[in-house]
Amino acid sequence: MSLAMNSIRQLLRGLPSLAPPLPAFDVSRASPTPAAQFTDWLHHAIDAGVREPHAMTLSTVDPDGVPDARVLILKDLTDDTWWFATSSASPKGRHLTATPRAALTFYWPELGRQIRVRGPVITADPATSAQDFRERGASARAMAATGRQSTPKTAAPVPRDAPTDYPEWTVYGVAAGEAEFWQGDPDRDHTRLRYTATGGGWEKTQLCP
Ligand SMILES: Cc1cc2nc3c(=O)[nH]c(=O)nc-3n(C[C@H](O)[C@H](O)[C@H](O)COP(=O)(O)O)c2cc1C
């Protein structure tokens, strides 16, 4: 190992994680569904001043089975489905067409909380996707409608005209089959609660840290 790599290792080892104070998680009082538990924690995160608590990592797999991940914004939560929006022509959109399954991960460092959700991916009806596109800001609409997301940047300018429709814009939902709520503890006695769909209901299991 080179000296430079060694000093980066030392730098990383010196960085704190899960620094106190962190809230407790009383699993005996957890909500009966993951959506209700998420809503409870989201309100807590907003009240605690967590920055961008609606930002989450979306993990997909490409057609060769190779995983990929990126950050997106949570757009809605209905029943136990977490919704986001993107272009079906983007790499992640193509992954979801080939393999409509995904995982979402939220991390709220100020609270030491991680939430994981995974399951099959569904698409909203076209009217919902069209409305979501129209509600985007003009520059976001103009950029999305170039269809150039994740393509090499060229000198060609983004068109100034912001279209009001772009058929590839799609609202996707992860219909949770499993969700996990993780509360970090500064002494590493973490609390983990997993919800597993049982077909009509939810089974809750507390996991070892
Ligand atoms: C905080 C944050 C929010 C983002 N929100 C979105 C979003 O809602 N939809 C989207 O398509 N990309 C969003 N992005 C950009 C994606 O992370 C990603 O770079 C882009 O969608 C291309 O991903 P892909 O090449 O895997 O398809 C966001 C990025 C950040 C950092």
# chains A, B, ... in the order shown; residues from 1 in each chain; ligands from 1
call {"tool": "residues_near_ligand", "arguments": {"ligand": "ligand 1", "cutoff": "12 Å", "atoms": "only C-alpha atoms and all ligand atoms", "output": "JSON, numbers by chain"}}
result
{"A": [51, 52, 53, 54, 55, 56, 57, 58, 59, 60, 61, 62, 67, 68, 69, 70, 71, 72, 73, 74, 75, 76, 83, 84, 85, 86, 87, 88, 89, 90, 91, 92, 93, 94, 95, 96, 106, 132, 133, 136, 140, 141, 143, 144, 145, 147, 148, 149, 150, 151, 152, 168, 169, 170, 171, 172]}
call {"tool": "residues_around", "arguments": {"residues": "Asp185 of chain A", "least_positions_apart": "5", "cutoff": "9 Å", "atoms": "only C-alpha atoms", "output": "JSON, numbers by chain"}}
result
{"A": [18, 19, 20, 21, 22, 23, 24, 112, 190, 191]}
call {"tool": "write_last_selection", "arguments": {"atoms": "all heavy atoms", "output": "CSV table (one decimal), in the first residue's frame"}}
result
chain,number,residue,atom,x,y,z
A,18,LEU,N,-22.3,8.0,13.0
A,18,LEU,CA,-23.3,7.7,14.0
A,18,LEU,C,-22.9,8.4,15.3
A,18,LEU,O,-23.0,7.8,16.4
A,18,LEU,CB,-23.5,6.2,14.2
A,18,LEU,CG,-23.9,5.4,12.9
A,18,LEU,CD1,-23.9,3.9,13.2
A,18,LEU,CD2,-25.3,5.9,12.5
A,19,ALA,N,-22.6,9.6,15.2
A,19,ALA,CA,-22.2,10.4,16.4
A,19,ALA,C,-23.5,10.7,17.2
A,19,ALA,O,-24.5,11.0,16.6
A,19,ALA,CB,-21.5,11.7,16.0
A,20,PRO,N,-23.4,10.7,18.5
A,20,PRO,CA,-24.6,11.0,19.3
A,20,PRO,C,-24.8,12.5,19.2
A,20,PRO,O,-23.9,13.3,18.9
A,20,PRO,CB,-24.1,10.6,20.7
A,20,PRO,CG,-22.6,10.6,20.7
A,20,PRO,CD,-22.2,10.3,19.3
A,21,PRO,N,-26.1,13.0,19.6
A,21,PRO,CA,-27.2,12.2,20.1
A,21,PRO,C,-28.0,11.6,18.9
A,21,PRO,O,-28.2,12.3,17.9
A,21,PRO,CB,-28.0,13.2,20.9
A,21,PRO,CG,-27.8,14.5,20.1
A,21,PRO,CD,-26.4,14.4,19.6
A,22,LEU,N,-28.5,10.4,19.0
A,22,LEU,CA,-29.4,9.8,18.0
A,22,LEU,C,-30.7,9.4,18.7
A,22,LEU,O,-30.6,9.0,19.9
A,22,LEU,CB,-28.7,8.6,17.4
A,22,LEU,CG,-27.5,8.9,16.6
A,22,LEU,CD1,-26.9,7.6,16.0
A,22,LEU,CD2,-27.8,9.8,15.4
A,23,PRO,N,-31.8,9.5,18.0
A,23,PRO,CA,-33.1,9.1,18.7
A,23,PRO,C,-33.1,7.6,18.9
A,23,PRO,O,-32.4,6.8,18.3
A,23,PRO,CB,-34.1,9.5,17.7
A,23,PRO,CG,-33.4,9.6,16.4
A,23,PRO,CD,-32.0,9.9,16.7
A,24,ALA,N,-34.1,7.2,19.7
A,24,ALA,CA,-34.3,5.7,20.0
A,24,ALA,C,-35.4,5.3,19.0
A,24,ALA,O,-36.1,6.1,18.4
A,24,ALA,CB,-34.8,5.5,21.4
A,112,GLY,N,-29.2,9.2,12.2
A,112,GLY,CA,-28.6,7.8,12.1
A,112,GLY,C,-29.6,6.8,11.6
A,112,GLY,O,-29.6,5.7,12.1
A,190,HIS,N,-27.4,-1.3,17.3
A,190,HIS,CA,-28.4,-0.8,16.3
A,190,HIS,C,-29.7,-1.6,16.4
A,190,HIS,O,-29.8,-2.7,16.9
A,190,HIS,CB,-27.9,-0.9,14.9
A,190,HIS,CG,-26.5,-0.4,14.7
A,190,HIS,ND1,-26.1,0.8,15.2
A,190,HIS,CD2,-25.4,-1.0,14.1
A,190,HIS,CE1,-24.8,1.0,14.9
A,190,HIS,NE2,-24.3,-0.1,14.3
A,191,THR,N,-30.8,-0.9,16.0
A,191,THR,CA,-32.1,-1.5,16.0
A,191,THR,C,-32.6,-1.7,14.5
A,191,THR,O,-32.5,-0.7,13.8
A,191,THR,CB,-33.1,-0.6,16.8
A,191,THR,OG1,-32.6,-0.4,18.1
A,191,THR,CG2,-34.5,-1.3,16.8
call {"tool": "select_by_dssp", "arguments": {"residues": "segment 52-168 of chain A", "states": "strand (DSSP E or B)", "output": "ChimeraX atom specification"}}
result
/A:55-61,67-73,76-78,81-87,101-108,113-123
call {"tool": "atom_distance", "arguments": {"atom1": "atom CA of Pro100 of chain A", "atom2": "atom CA of Ala36 of chain A"}}
result
24.4 Å
call {"tool": "closest_residue", "arguments": {"among": "A:Ile8, A:Ala127, A:Ala98, A:Leu193", "to": "Ala179 of chain A", "atoms": "only C-alpha atoms"}}
result
A:Leu193
call {"tool": "closest_residue", "arguments": {"among": "A:Glu110, A:Asp26, A:Asp161, A:Glu178", "to": "Ser139 of chain A", "atoms": "only C-alpha atoms"}}
result
A:Asp161
call {"tool": "atom_distance", "arguments": {"atom1": "atom CA of Thr33 of chain A", "atom2": "atom CA of Val121 of chain A"}}
result
18.7 Å
call {"tool": "atom_distance", "arguments": {"atom1": "atom CA of Thr196 of chain A", "atom2": "atom CA of Asp47 of chain A"}}
result
28.2 Å
